[in-house]
file upload-v8.txt (compact mmCIF, N, CA and C atoms and all ligand atoms)
# COMPACT_ATOMS: atom_id res chain seq x y z
N MET A 1 12.75 -0.72 -20.14
CA MET A 1 11.63 -0.10 -19.42
C MET A 1 12.01 0.05 -17.93
N ASN A 2 11.81 1.25 -17.42
CA ASN A 2 12.20 1.48 -16.02
C ASN A 2 11.17 0.91 -15.04
N ILE A 3 11.65 0.65 -13.83
CA ILE A 3 10.74 0.25 -12.75
C ILE A 3 9.97 1.50 -12.33
N TYR A 4 8.67 1.34 -12.17
CA TYR A 4 7.78 2.49 -11.93
C TYR A 4 8.04 3.16 -10.57
N ILE A 5 8.01 2.36 -9.52
CA ILE A 5 8.29 2.92 -8.18
C ILE A 5 9.56 2.25 -7.67
N VAL A 6 10.60 3.02 -7.57
CA VAL A 6 11.86 2.46 -7.07
C VAL A 6 11.87 2.63 -5.55
N TRP A 7 11.94 1.49 -4.85
CA TRP A 7 11.93 1.51 -3.39
C TRP A 7 13.26 2.04 -2.88
N THR A 8 13.19 3.03 -2.00
CA THR A 8 14.44 3.53 -1.43
C THR A 8 14.36 3.46 0.09
N GLU A 9 15.51 3.56 0.72
CA GLU A 9 15.60 3.49 2.18
C GLU A 9 14.64 4.46 2.87
N LYS A 10 14.45 5.61 2.24
CA LYS A 10 13.62 6.62 2.91
C LYS A 10 12.14 6.21 2.98
N ASN A 11 11.76 5.21 2.21
CA ASN A 11 10.38 4.71 2.28
C ASN A 11 10.16 3.81 3.50
N ASN A 12 11.24 3.33 4.10
CA ASN A 12 11.12 2.38 5.21
C ASN A 12 10.59 3.03 6.48
N VAL A 13 9.78 2.27 7.22
CA VAL A 13 9.42 2.72 8.58
C VAL A 13 10.40 2.10 9.59
N GLU A 14 11.30 1.28 9.05
CA GLU A 14 12.31 0.59 9.86
C GLU A 14 11.72 -0.37 10.88
N VAL A 15 10.63 -0.99 10.48
CA VAL A 15 10.07 -2.13 11.21
C VAL A 15 10.10 -3.25 10.16
N PRO A 16 11.04 -4.21 10.30
CA PRO A 16 11.32 -5.13 9.20
C PRO A 16 10.10 -5.79 8.56
N ILE A 17 9.19 -6.34 9.35
CA ILE A 17 8.06 -7.06 8.73
C ILE A 17 7.18 -6.10 7.93
N LEU A 18 7.00 -4.89 8.42
CA LEU A 18 6.14 -3.93 7.71
C LEU A 18 6.80 -3.47 6.41
N ASP A 19 8.09 -3.23 6.45
CA ASP A 19 8.79 -2.81 5.23
C ASP A 19 8.78 -3.93 4.19
N GLU A 20 8.92 -5.14 4.67
CA GLU A 20 8.91 -6.30 3.78
C GLU A 20 7.55 -6.43 3.07
N GLN A 21 6.48 -6.29 3.84
CA GLN A 21 5.13 -6.38 3.26
C GLN A 21 4.91 -5.23 2.28
N GLN A 22 5.39 -4.06 2.67
CA GLN A 22 5.20 -2.88 1.83
C GLN A 22 5.88 -3.04 0.47
N ARG A 23 7.06 -3.65 0.50
CA ARG A 23 7.76 -3.89 -0.78
C ARG A 23 6.97 -4.84 -1.67
N GLY A 24 6.27 -5.78 -1.05
CA GLY A 24 5.42 -6.69 -1.84
C GLY A 24 4.30 -5.94 -2.55
N ILE A 25 3.74 -4.98 -1.84
CA ILE A 25 2.65 -4.17 -2.43
C ILE A 25 3.20 -3.33 -3.58
N VAL A 26 4.32 -2.68 -3.34
CA VAL A 26 4.93 -1.85 -4.39
C VAL A 26 5.33 -2.71 -5.59
N SER A 27 5.83 -3.89 -5.32
CA SER A 27 6.21 -4.80 -6.39
C SER A 27 5.00 -5.18 -7.27
N THR A 28 3.86 -5.38 -6.63
CA THR A 28 2.63 -5.70 -7.38
C THR A 28 2.23 -4.52 -8.27
N ILE A 29 2.34 -3.32 -7.72
CA ILE A 29 2.02 -2.11 -8.51
C ILE A 29 3.00 -1.98 -9.68
N ASN A 30 4.26 -2.29 -9.44
CA ASN A 30 5.26 -2.22 -10.51
C ASN A 30 4.97 -3.23 -11.63
N SER A 31 4.50 -4.41 -11.28
CA SER A 31 4.14 -5.40 -12.31
C SER A 31 2.95 -4.91 -13.12
N PHE A 32 2.02 -4.28 -12.43
CA PHE A 32 0.84 -3.72 -13.11
C PHE A 32 1.30 -2.68 -14.13
N HIS A 33 2.23 -1.82 -13.74
CA HIS A 33 2.78 -0.82 -14.65
C HIS A 33 3.44 -1.48 -15.86
N TYR A 34 4.18 -2.54 -15.60
CA TYR A 34 4.85 -3.26 -16.69
C TYR A 34 3.83 -3.72 -17.74
N PHE A 35 2.73 -4.32 -17.26
CA PHE A 35 1.71 -4.81 -18.20
C PHE A 35 1.01 -3.67 -18.93
N ILE A 36 0.80 -2.56 -18.25
CA ILE A 36 0.18 -1.40 -18.91
C ILE A 36 1.09 -0.93 -20.05
N GLN A 37 2.38 -0.88 -19.79
CA GLN A 37 3.34 -0.47 -20.84
C GLN A 37 3.30 -1.44 -22.02
N GLU A 38 2.98 -2.68 -21.73
CA GLU A 38 2.89 -3.70 -22.77
C GLU A 38 1.55 -3.68 -23.49
N GLY A 39 0.68 -2.76 -23.07
CA GLY A 39 -0.66 -2.66 -23.68
C GLY A 39 -1.61 -3.74 -23.18
N ARG A 40 -1.30 -4.35 -22.01
CA ARG A 40 -2.13 -5.44 -21.49
C ARG A 40 -2.67 -5.14 -20.10
N GLY A 41 -2.81 -3.85 -19.81
CA GLY A 41 -3.28 -3.44 -18.50
C GLY A 41 -4.66 -3.98 -18.16
N ASP A 42 -5.56 -3.99 -19.15
CA ASP A 42 -6.93 -4.45 -18.90
C ASP A 42 -6.96 -5.92 -18.47
N GLU A 43 -6.04 -6.70 -19.05
CA GLU A 43 -5.95 -8.13 -18.73
C GLU A 43 -5.59 -8.40 -17.27
N VAL A 44 -4.68 -7.57 -16.75
CA VAL A 44 -4.18 -7.85 -15.39
C VAL A 44 -4.81 -6.96 -14.32
N LEU A 45 -5.73 -6.08 -14.72
CA LEU A 45 -6.33 -5.18 -13.73
C LEU A 45 -6.95 -5.97 -12.56
N ARG A 46 -7.84 -6.92 -12.89
CA ARG A 46 -8.53 -7.65 -11.81
C ARG A 46 -7.58 -8.50 -10.97
N PRO A 47 -6.69 -9.31 -11.61
CA PRO A 47 -5.72 -10.05 -10.78
C PRO A 47 -4.86 -9.14 -9.91
N THR A 48 -4.49 -8.00 -10.46
CA THR A 48 -3.68 -7.05 -9.67
C THR A 48 -4.46 -6.58 -8.45
N LEU A 49 -5.70 -6.20 -8.68
CA LEU A 49 -6.51 -5.69 -7.57
C LEU A 49 -6.80 -6.78 -6.54
N ALA A 50 -7.02 -8.00 -7.01
CA ALA A 50 -7.26 -9.12 -6.08
C ALA A 50 -6.02 -9.36 -5.23
N THR A 51 -4.85 -9.34 -5.87
CA THR A 51 -3.59 -9.51 -5.13
C THR A 51 -3.41 -8.39 -4.12
N LEU A 52 -3.68 -7.17 -4.58
CA LEU A 52 -3.52 -6.03 -3.67
C LEU A 52 -4.49 -6.10 -2.49
N GLU A 53 -5.72 -6.54 -2.76
CA GLU A 53 -6.68 -6.65 -1.66
C GLU A 53 -6.17 -7.62 -0.59
N ASN A 54 -5.62 -8.74 -1.05
CA ASN A 54 -5.09 -9.72 -0.09
C ASN A 54 -3.86 -9.21 0.65
N PHE A 55 -2.92 -8.69 -0.11
CA PHE A 55 -1.69 -8.14 0.47
C PHE A 55 -2.02 -7.03 1.47
N THR A 56 -2.93 -6.17 1.04
CA THR A 56 -3.29 -5.00 1.85
C THR A 56 -3.94 -5.44 3.16
N THR A 57 -4.81 -6.43 3.08
CA THR A 57 -5.46 -6.93 4.29
C THR A 57 -4.42 -7.48 5.27
N ILE A 58 -3.49 -8.26 4.76
CA ILE A 58 -2.44 -8.82 5.61
C ILE A 58 -1.58 -7.69 6.21
N HIS A 59 -1.21 -6.75 5.36
CA HIS A 59 -0.34 -5.65 5.81
C HIS A 59 -1.05 -4.77 6.85
N PHE A 60 -2.28 -4.38 6.57
CA PHE A 60 -3.00 -3.51 7.51
C PHE A 60 -3.27 -4.24 8.84
N THR A 61 -3.56 -5.52 8.76
CA THR A 61 -3.80 -6.29 9.99
C THR A 61 -2.54 -6.30 10.85
N THR A 62 -1.39 -6.50 10.21
CA THR A 62 -0.12 -6.50 10.95
C THR A 62 0.14 -5.13 11.56
N GLU A 63 -0.01 -4.12 10.71
CA GLU A 63 0.28 -2.75 11.13
C GLU A 63 -0.62 -2.31 12.28
N GLU A 64 -1.91 -2.60 12.16
CA GLU A 64 -2.86 -2.17 13.19
C GLU A 64 -2.60 -2.88 14.52
N ALA A 65 -2.24 -4.16 14.46
CA ALA A 65 -1.95 -4.90 15.70
C ALA A 65 -0.72 -4.31 16.39
N LEU A 66 0.29 -3.95 15.59
CA LEU A 66 1.51 -3.37 16.18
C LEU A 66 1.25 -1.98 16.74
N MET A 67 0.44 -1.19 16.02
CA MET A 67 0.11 0.16 16.52
C MET A 67 -0.63 0.06 17.85
N GLU A 68 -1.52 -0.92 17.92
CA GLU A 68 -2.30 -1.15 19.14
C GLU A 68 -1.39 -1.51 20.31
N ARG A 69 -0.52 -2.49 20.08
CA ARG A 69 0.40 -2.93 21.14
C ARG A 69 1.36 -1.82 21.55
N ALA A 70 1.70 -0.96 20.58
CA ALA A 70 2.65 0.12 20.87
C ALA A 70 1.97 1.31 21.55
N GLY A 71 0.62 1.27 21.63
CA GLY A 71 -0.11 2.37 22.24
C GLY A 71 -0.08 3.64 21.41
N TYR A 72 -0.07 3.50 20.08
CA TYR A 72 -0.06 4.67 19.20
C TYR A 72 -1.36 5.46 19.38
N PRO A 73 -1.27 6.73 19.77
CA PRO A 73 -2.49 7.46 20.14
C PRO A 73 -3.47 7.74 18.99
N ASP A 74 -2.98 7.87 17.76
CA ASP A 74 -3.88 8.20 16.65
C ASP A 74 -4.30 6.99 15.83
N ILE A 75 -4.35 5.85 16.50
CA ILE A 75 -4.65 4.60 15.79
C ILE A 75 -6.01 4.63 15.08
N GLU A 76 -7.01 5.25 15.71
CA GLU A 76 -8.34 5.21 15.09
C GLU A 76 -8.37 5.97 13.76
N ASP A 77 -7.71 7.13 13.71
CA ASP A 77 -7.64 7.89 12.45
C ASP A 77 -6.90 7.08 11.39
N HIS A 78 -5.83 6.42 11.80
CA HIS A 78 -5.04 5.64 10.85
C HIS A 78 -5.85 4.46 10.31
N LYS A 79 -6.59 3.82 11.21
CA LYS A 79 -7.43 2.69 10.78
C LYS A 79 -8.50 3.15 9.79
N ALA A 80 -9.01 4.36 9.99
CA ALA A 80 -10.03 4.89 9.07
C ALA A 80 -9.45 5.07 7.67
N LEU A 81 -8.19 5.50 7.59
CA LEU A 81 -7.54 5.65 6.27
C LEU A 81 -7.40 4.29 5.60
N HIS A 82 -7.05 3.29 6.39
CA HIS A 82 -6.93 1.93 5.85
C HIS A 82 -8.26 1.44 5.29
N LYS A 83 -9.31 1.69 6.06
CA LYS A 83 -10.64 1.23 5.66
C LYS A 83 -11.06 1.84 4.33
N GLU A 84 -10.77 3.14 4.18
CA GLU A 84 -11.09 3.85 2.93
C GLU A 84 -10.38 3.21 1.74
N LEU A 85 -9.10 2.87 1.95
CA LEU A 85 -8.32 2.30 0.84
C LEU A 85 -8.84 0.92 0.45
N ILE A 86 -9.20 0.12 1.44
CA ILE A 86 -9.74 -1.22 1.17
C ILE A 86 -11.01 -1.07 0.32
N LYS A 87 -11.84 -0.11 0.68
CA LYS A 87 -13.08 0.11 -0.06
C LYS A 87 -12.78 0.58 -1.48
N LYS A 88 -11.84 1.54 -1.60
CA LYS A 88 -11.50 2.09 -2.91
C LYS A 88 -10.89 1.00 -3.81
N THR A 89 -10.06 0.14 -3.24
CA THR A 89 -9.45 -0.94 -4.02
C THR A 89 -10.53 -1.89 -4.54
N ALA A 90 -11.50 -2.19 -3.71
CA ALA A 90 -12.62 -3.05 -4.14
C ALA A 90 -13.44 -2.34 -5.22
N ASP A 91 -13.66 -1.04 -5.05
CA ASP A 91 -14.42 -0.27 -6.05
C ASP A 91 -13.72 -0.28 -7.41
N ILE A 92 -12.40 -0.10 -7.40
CA ILE A 92 -11.65 -0.07 -8.67
C ILE A 92 -11.83 -1.38 -9.42
N SER A 93 -11.84 -2.49 -8.69
CA SER A 93 -11.96 -3.78 -9.40
C SER A 93 -13.37 -4.01 -9.94
N ARG A 94 -14.33 -3.23 -9.45
CA ARG A 94 -15.71 -3.38 -9.94
C ARG A 94 -16.08 -2.39 -11.05
N GLU A 95 -15.50 -1.19 -11.00
CA GLU A 95 -15.93 -0.13 -11.92
C GLU A 95 -15.26 -0.27 -13.29
N SER A 96 -16.08 -0.33 -14.34
CA SER A 96 -15.56 -0.62 -15.67
C SER A 96 -14.70 0.52 -16.24
N VAL A 97 -14.85 1.72 -15.67
CA VAL A 97 -14.06 2.85 -16.17
C VAL A 97 -12.56 2.56 -16.06
N TYR A 98 -12.18 1.79 -15.03
CA TYR A 98 -10.76 1.46 -14.84
C TYR A 98 -10.29 0.39 -15.82
N LEU A 99 -11.22 -0.44 -16.27
CA LEU A 99 -10.87 -1.45 -17.28
C LEU A 99 -10.52 -0.77 -18.60
N LYS A 100 -11.27 0.30 -18.88
CA LYS A 100 -11.01 1.06 -20.12
C LYS A 100 -9.74 1.88 -20.00
N ASP A 101 -9.43 2.31 -18.79
CA ASP A 101 -8.25 3.14 -18.59
C ASP A 101 -7.47 2.69 -17.34
N PRO A 102 -6.75 1.55 -17.44
CA PRO A 102 -6.04 1.01 -16.28
C PRO A 102 -5.02 1.98 -15.69
N ASP A 103 -4.54 2.90 -16.53
CA ASP A 103 -3.58 3.89 -16.07
C ASP A 103 -4.13 4.75 -14.92
N MET A 104 -5.44 4.96 -14.95
CA MET A 104 -6.08 5.73 -13.88
C MET A 104 -5.94 5.00 -12.54
N ALA A 105 -6.12 3.68 -12.61
CA ALA A 105 -5.98 2.86 -11.39
C ALA A 105 -4.53 2.88 -10.93
N LEU A 106 -3.61 2.75 -11.89
CA LEU A 106 -2.18 2.74 -11.57
C LEU A 106 -1.78 4.03 -10.86
N LYS A 107 -2.20 5.15 -11.42
CA LYS A 107 -1.81 6.45 -10.85
C LYS A 107 -2.40 6.62 -9.45
N PHE A 108 -3.65 6.19 -9.29
CA PHE A 108 -4.26 6.28 -7.96
C PHE A 108 -3.46 5.48 -6.95
N LEU A 109 -3.13 4.23 -7.32
CA LEU A 109 -2.42 3.34 -6.39
C LEU A 109 -1.06 3.91 -6.00
N ARG A 110 -0.36 4.43 -7.01
CA ARG A 110 0.97 5.00 -6.74
C ARG A 110 0.84 6.19 -5.78
N GLN A 111 -0.07 7.07 -6.08
CA GLN A 111 -0.22 8.27 -5.26
C GLN A 111 -0.65 7.92 -3.83
N TRP A 112 -1.63 7.01 -3.71
CA TRP A 112 -2.12 6.66 -2.38
C TRP A 112 -1.02 6.03 -1.55
N TRP A 113 -0.39 5.00 -2.13
CA TRP A 113 0.59 4.26 -1.34
C TRP A 113 1.81 5.10 -0.97
N LEU A 114 2.33 5.88 -1.92
CA LEU A 114 3.51 6.69 -1.59
C LEU A 114 3.17 7.75 -0.55
N GLY A 115 2.00 8.34 -0.68
CA GLY A 115 1.56 9.34 0.30
C GLY A 115 1.40 8.71 1.67
N HIS A 116 0.79 7.54 1.70
CA HIS A 116 0.54 6.87 2.97
C HIS A 116 1.84 6.44 3.66
N ILE A 117 2.71 5.83 2.88
CA ILE A 117 3.98 5.33 3.42
C ILE A 117 4.84 6.48 3.96
N ASN A 118 4.89 7.54 3.17
CA ASN A 118 5.85 8.61 3.51
C ASN A 118 5.30 9.67 4.45
N VAL A 119 3.99 9.66 4.66
CA VAL A 119 3.42 10.65 5.59
C VAL A 119 2.77 9.95 6.78
N GLU A 120 1.72 9.19 6.53
CA GLU A 120 0.93 8.61 7.63
C GLU A 120 1.70 7.54 8.41
N ASP A 121 2.37 6.64 7.67
CA ASP A 121 3.07 5.55 8.36
C ASP A 121 4.26 6.07 9.18
N LYS A 122 4.81 7.18 8.72
CA LYS A 122 5.96 7.73 9.46
C LYS A 122 5.55 8.21 10.86
N LYS A 123 4.26 8.53 11.01
CA LYS A 123 3.79 9.03 12.31
C LYS A 123 3.80 7.94 13.39
N TYR A 124 3.45 6.72 13.02
CA TYR A 124 3.43 5.67 14.05
C TYR A 124 4.80 5.01 14.22
N ALA A 125 5.68 5.20 13.22
CA ALA A 125 6.95 4.46 13.19
C ALA A 125 7.75 4.53 14.51
N PRO A 126 7.93 5.70 15.12
CA PRO A 126 8.73 5.72 16.36
C PRO A 126 8.10 4.88 17.48
N TYR A 127 6.77 4.87 17.55
CA TYR A 127 6.07 4.09 18.59
C TYR A 127 6.33 2.60 18.38
N VAL A 128 6.16 2.15 17.15
CA VAL A 128 6.29 0.72 16.88
C VAL A 128 7.77 0.28 16.97
N ARG A 129 8.66 1.18 16.57
CA ARG A 129 10.09 0.84 16.70
C ARG A 129 10.46 0.64 18.16
N LYS A 130 9.91 1.50 19.02
CA LYS A 130 10.19 1.37 20.45
C LYS A 130 9.64 0.04 20.98
N LEU A 131 8.45 -0.32 20.52
CA LEU A 131 7.86 -1.60 20.92
C LEU A 131 8.77 -2.75 20.49
N MET A 132 9.28 -2.68 19.27
CA MET A 132 10.11 -3.75 18.74
C MET A 132 11.42 -3.91 19.53
N GLU A 133 11.88 -2.81 20.09
CA GLU A 133 13.11 -2.91 20.91
C GLU A 133 12.86 -3.70 22.19
N ARG A 134 11.57 -3.67 22.64
CA ARG A 134 11.24 -4.35 23.90
C ARG A 134 11.01 -5.84 23.70
N VAL A 135 10.67 -6.27 22.47
CA VAL A 135 10.32 -7.69 22.28
C VAL A 135 11.48 -8.50 21.69
FE FE A 201 -0.78 2.42 7.29

call {"tool": "encode", "arguments": {"input": "upload-v8.txt", "output": "structure tokens", "more": "lines below"}}
Ligand SMILES: [Fe+2]
result
Amino acid sequence: MNIYIVWTEKNNVEVPILDEQQRGIVSTINSFHYFIQEGRGDEVLRPTLATLENFTTIHFTTEEALMERAGYPDIEDHKALHKELIKKTADISRESVYLKDPDMALKFLRQWWLGHINVEDKKYAPYVRKLMERV
């Protein structure tokens, strides 16, 4: 069975702590995929979402603090995207439709995270990288 999301260099924002946290999130999604393939997606849906909520909170808190210190001008828009995802992740763990069809949750998570990493996070990356050179 293949790994669902294969992490590649191009996914990195090249800020070590953020890339490290991001890999943890992707790894959790990949484990969720593994269980779905095993026909046990419903069993791990809630633990997966609980793990993601915690990981995501830690990751967004780190990212937002660095964006702030780096003076990233579009921080408020970026924070709004984070807030939406936190809400959606909590909604998925509550709505029974996802228990019946865990694949729907999996696809949403993959699409959201890959889109966010490769589009939105790339926008702040140069600012935060410059900050990291100074510290
Ligand atoms: Fe982000």

call {"tool": "closest_atom_pairs", "arguments": {"input": "upload-v8.txt", "of": "chain A", "to": "ligand FE 201 (chain A)", "cutoff": "8 Å", "atoms": "all atoms listed in the file", "output": "Markdown table"}}
result
| residue | atom | partner | partner_atom | distance |
| --- | --- | --- | --- | --- |
| A:His59 | C | A:FE201 | FE | 7.2 |
| A:Phe60 | CA | A:FE201 | FE | 6.3 |
| A:Glu63 | CA | A:FE201 | FE | 6.5 |
| A:Glu64 | N | A:FE201 | FE | 7.1 |
| A:His78 | C | A:FE201 | FE | 6.2 |
| A:Lys79 | N | A:FE201 | FE | 7.1 |
| A:Leu81 | C | A:FE201 | FE | 7.1 |
| A:His82 | CA | A:FE201 | FE | 6.3 |
| A:His116 | C | A:FE201 | FE | 6.0 |
| A:Ile117 | N | A:FE201 | FE | 6.6 |
| A:Glu120 | C | A:FE201 | FE | 5.8 |
| A:Asp121 | CA | A:FE201 | FE | 5.1 |
| A:Lys122 | N | A:FE201 | FE | 7.5 |

call {"tool": "closest_residue", "arguments": {"input": "upload-v8.txt", "among": "A:Leu52, A:Leu45, A:Leu85, A:Met132", "to": "Gln21 (chain A)", "atoms": "only C-alpha atoms"}}
result
A:Leu52

call {"tool": "residues_around", "arguments": {"input": "upload-v8.txt", "residues": "Leu99 (chain A)", "least_positions_apart": "2", "cutoff": "8 Å", "atoms": "only C-alpha atoms", "output": "ChimeraX atom specification"}}
result
/A:41-42,45,95-97,101-102

call {"tool": "atom_distance", "arguments": {"input": "upload-v8.txt", "atom1": "atom C of Asp74 (chain A)", "atom2": "atom N of Lys123 (chain A)"}}
result
9.9 Å

call {"tool": "residues_around", "arguments": {"input": "upload-v8.txt", "residues": "region 67-73 of chain A", "least_positions_apart": "6", "cutoff": "8 Å", "atoms": "only C-alpha atoms", "output": "MDAnalysis selection string"}}
result
chainID A and resid 124 127:128 130:131

call {"tool": "write_last_selection", "arguments": {"input": "upload-v8.txt", "atoms": "N, CA and C atoms", "output": "PDB file, keeping the file's coordinate frame"}}
result
ATOM      1  N   TYR A 124       3.450   6.720  13.020  1.00  0.00           N
ATOM      2  CA  TYR A 124       3.430   5.670  14.050  1.00  0.00           C
ATOM      3  C   TYR A 124       4.800   5.010  14.220  1.00  0.00           C
ATOM      4  N   TYR A 127       6.770   4.870  17.550  1.00  0.00           N
ATOM      5  CA  TYR A 127       6.070   4.090  18.590  1.00  0.00           C
ATOM      6  C   TYR A 127       6.330   2.600  18.380  1.00  0.00           C
ATOM      7  N   VAL A 128       6.160   2.150  17.150  1.00  0.00           N
ATOM      8  CA  VAL A 128       6.290   0.720  16.880  1.00  0.00           C
ATOM      9  C   VAL A 128       7.770   0.280  16.970  1.00  0.00           C
ATOM     10  N   LYS A 130       9.910   1.500  19.020  1.00  0.00           N
ATOM     11  CA  LYS A 130      10.190   1.370  20.450  1.00  0.00           C
ATOM     12  C   LYS A 130       9.640   0.040  20.980  1.00  0.00           C
ATOM     13  N   LEU A 131       8.450  -0.320  20.520  1.00  0.00           N
ATOM     14  CA  LEU A 131       7.860  -1.600  20.920  1.00  0.00           C
ATOM     15  C   LEU A 131       8.770  -2.750  20.490  1.00  0.00           C
TER      16      LEU A 131
END

call {"tool": "atom_distance", "arguments": {"input": "upload-v8.txt", "atom1": "CA of Phe32 (chain A)", "atom2": "CA of Val44 (chain A)"}}
result
6.9 Å

call {"tool": "closest_residue", "arguments": {"input": "upload-v8.txt", "among": "A:Val13, A:Leu109, A:Met1, A:Ile58", "to": "Glu38 (chain A)", "atoms": "only C-alpha atoms"}}
result
A:Met1

call {"tool": "select_by_dssp", "arguments": {"input": "upload-v8.txt", "residues": "chain A", "states": "alpha helix (DSSP H)", "output": "number ranges by chain"}}
result
A: 16-37, 41-70, 75-94, 96-100, 102-115, 121-134

call {"tool": "closest_residue", "arguments": {"input": "upload-v8.txt", "among": "A:Met104, A:Ala65, A:Ala90, A:Ile5", "to": "Gly24 (chain A)", "atoms": "only C-alpha atoms"}}
result
A:Ile5

call {"tool": "closest_residue", "arguments": {"input": "upload-v8.txt", "among": "A:Thr51, A:Thr62, A:Asn118, A:Ser93", "to": "Ile25 (chain A)", "atoms": "only C-alpha atoms"}}
result
A:Thr51

call {"tool": "build_atoms", "arguments": {"input": "upload-v8.txt", "residues": "region 70-77 of chain A", "atoms": "all heavy atoms", "output": "compact mmCIF listing (two decimals), keeping the file's coordinate frame"}}
result
# COMPACT_ATOMS: atom_id res chain seq x y z
N ALA A 70 1.70 -0.96 20.58
CA ALA A 70 2.65 0.12 20.87
C ALA A 70 1.97 1.31 21.55
O ALA A 70 2.63 2.25 21.98
CB ALA A 70 3.31 0.57 19.57
N GLY A 71 0.62 1.27 21.63
CA GLY A 71 -0.11 2.37 22.24
C GLY A 71 -0.08 3.64 21.41
O GLY A 71 -0.09 4.76 21.94
N TYR A 72 -0.07 3.50 20.08
CA TYR A 72 -0.06 4.67 19.20
C TYR A 72 -1.36 5.46 19.38
O TYR A 72 -2.46 4.92 19.16
CB TYR A 72 0.12 4.21 17.74
CG TYR A 72 0.06 5.34 16.74
CD1 TYR A 72 0.91 6.44 16.85
CD2 TYR A 72 -0.84 5.30 15.69
CE1 TYR A 72 0.84 7.48 15.93
CE2 TYR A 72 -0.91 6.33 14.76
CZ TYR A 72 -0.06 7.42 14.90
OH TYR A 72 -0.13 8.45 14.00
N PRO A 73 -1.27 6.73 19.77
CA PRO A 73 -2.49 7.46 20.14
C PRO A 73 -3.47 7.74 18.99
O PRO A 73 -4.67 7.85 19.23
CB PRO A 73 -1.96 8.78 20.74
CG PRO A 73 -0.54 8.89 20.30
CD PRO A 73 -0.04 7.51 20.04
N ASP A 74 -2.98 7.87 17.76
CA ASP A 74 -3.88 8.20 16.65
C ASP A 74 -4.30 6.99 15.83
O ASP A 74 -4.60 7.09 14.64
CB ASP A 74 -3.23 9.25 15.74
CG ASP A 74 -3.09 10.59 16.45
OD1 ASP A 74 -3.99 10.92 17.25
OD2 ASP A 74 -2.07 11.27 16.24
N ILE A 75 -4.35 5.85 16.50
CA ILE A 75 -4.65 4.60 15.79
C ILE A 75 -6.01 4.63 15.08
O ILE A 75 -6.13 4.13 13.96
CB ILE A 75 -4.53 3.38 16.74
CG1 ILE A 75 -4.72 2.07 15.95
CG2 ILE A 75 -5.49 3.47 17.91
CD1 ILE A 75 -4.40 0.81 16.74
N GLU A 76 -7.01 5.25 15.71
CA GLU A 76 -8.34 5.21 15.09
C GLU A 76 -8.37 5.97 13.76
O GLU A 76 -8.97 5.50 12.79
CB GLU A 76 -9.42 5.74 16.05
CG GLU A 76 -9.72 4.79 17.22
CD GLU A 76 -9.95 3.31 16.82
OE1 GLU A 76 -10.64 3.05 15.81
OE2 GLU A 76 -9.43 2.42 17.51
N ASP A 77 -7.71 7.13 13.71
CA ASP A 77 -7.64 7.89 12.45
C ASP A 77 -6.90 7.08 11.39
O ASP A 77 -7.28 7.06 10.21
CB ASP A 77 -6.89 9.21 12.65
CG ASP A 77 -7.71 10.20 13.47
OD1 ASP A 77 -8.91 9.93 13.68
OD2 ASP A 77 -7.14 11.22 13.91
